[in-house]
Amino acid sequence: MDGDETVPVLAAYELRTRDGRQFVISRALRNMMDPYAPVGRLISALVPASVGDVIPRFPTIDEIIAAYTVRQSTGA
């Protein structure tokens with residue numbers, strides 16, 4: 001790949017509600033209640049399993065969207 005080429009990166013989700021409204025949800029969103037957001041997964045991986053298991057784990061925006069959305073067929 002040349003230096004001038006770019007690789008597409010998923011930066012946001014475009015969601016549509018059943019009533020037709022559209023929302024753009026950025027992947028950069030973070031749970032403001034998560035005290036470990038910047039380093040939580042790294043800390044969990046570095047400490048012994050018994051400690052890592054008790055560190056609260058908050059889902060990422062990707063995990064939330066995957067769990068709570070339904071992909072509808074386009075009908076084509």
# chains A, B, ... in the order shown; residues from 1 in each chain; ligands from 1

$ residues_around --residues "Tyr68 in chain A" --least-positions-apart "4" --cutoff "12 Å" --atoms "only C-alpha atoms" --output "short mmCIF file (atom, residue, chain, number, x, y, z; two decimals) with C-alpha atoms, in the first residue's frame"
data_model
loop_
_atom_site.label_atom_id
_atom_site.label_comp_id
_atom_site.auth_asym_id
_atom_site.auth_seq_id
_atom_site.Cartn_x
_atom_site.Cartn_y
_atom_site.Cartn_z
CA LEU A 15 -28.78 3.89 13.59
CA PRO A 59 -19.18 -2.55 27.88
CA ILE A 61 -20.11 1.27 22.56
CA ASP A 62 -19.42 -1.49 20.01
CA GLU A 63 -20.57 -4.17 22.47
CA ILE A 64 -23.70 -2.23 23.40
#

$ closest_residue --among "A:Ala49, A:Ser44, A:Val54, A:Ala12" --to "Leu29 in chain A" --atoms "only C-alpha atoms"
A:Ala12

$ select_by_dssp --residues "chain A" --states "alpha helix (DSSP H)" --output "list of chain:residue names"
A:Gly40, A:Arg41, A:Leu42, A:Ile43, A:Ser44, A:Ala45, A:Leu46, A:Ala49, A:Ser50, A:Val51, A:Gly52, A:Ile61, A:Asp62, A:Glu63, A:Ile64, A:Ile65, A:Ala66, A:Ala67, A:Tyr68

$ write_last_selection --atoms "C-alpha atoms" --output "PDB file, in the first residue's frame"
ATOM      1  CA  GLY A  40      -9.428  -0.857  32.758  1.00  0.00           C
ATOM      2  CA  ARG A  41      -8.913  -3.654  30.243  1.00  0.00           C
ATOM      3  CA  LEU A  42      -5.150  -3.265  30.379  1.00  0.00           C
ATOM      4  CA  ILE A  43      -5.133  -3.448  34.188  1.00  0.00           C
ATOM      5  CA  SER A  44      -7.386  -6.522  34.110  1.00  0.00           C
ATOM      6  CA  ALA A  45      -4.966  -8.235  31.750  1.00  0.00           C
ATOM      7  CA  LEU A  46      -1.875  -7.389  33.809  1.00  0.00           C
ATOM      8  CA  ALA A  49      -6.920 -13.356  37.466  1.00  0.00           C
ATOM      9  CA  SER A  50      -8.395 -13.206  40.977  1.00  0.00           C
ATOM     10  CA  VAL A  51      -7.907  -9.427  41.001  1.00  0.00           C
ATOM     11  CA  GLY A  52      -8.892  -8.893  37.372  1.00  0.00           C
ATOM     12  CA  ILE A  61     -20.106   1.269  22.563  1.00  0.00           C
ATOM     13  CA  ASP A  62     -19.415  -1.489  20.008  1.00  0.00           C
ATOM     14  CA  GLU A  63     -20.568  -4.174  22.469  1.00  0.00           C
ATOM     15  CA  ILE A  64     -23.704  -2.229  23.395  1.00  0.00           C
ATOM     16  CA  ILE A  65     -24.735  -1.692  19.785  1.00  0.00           C
ATOM     17  CA  ALA A  66     -24.042  -5.341  18.895  1.00  0.00           C
ATOM     18  CA  ALA A  67     -26.160  -6.530  21.832  1.00  0.00           C
ATOM     19  CA  TYR A  68     -29.148  -4.216  21.537  1.00  0.00           C
TER      20      TYR A  68
END

$ select_by_dssp --residues "chain A" --states "strand (DSSP E)" --output "list in words"
Ala12, Tyr13, Glu14, Leu15, Arg16, Gln22, Phe23, Val24, Ile25 and Ser26 of chain A

$ atom_distance --atom1 "CA of Phe58 in chain A" --atom2 "CA of Arg71 in chain A"
23.5 Å

$ atom_distance --atom1 "CA of Pro48 in chain A" --atom2 "CA of Ala28 in chain A"
29.0 Å

$ atom_distance --atom1 "CA of Arg16 in chain A" --atom2 "CA of Thr60 in chain A"
19.8 Å

$ closest_residue --among "A:Asp19, A:Arg57, A:Thr6, A:Tyr13" --to "Pro38 in chain A" --atoms "only C-alpha atoms"
A:Arg57
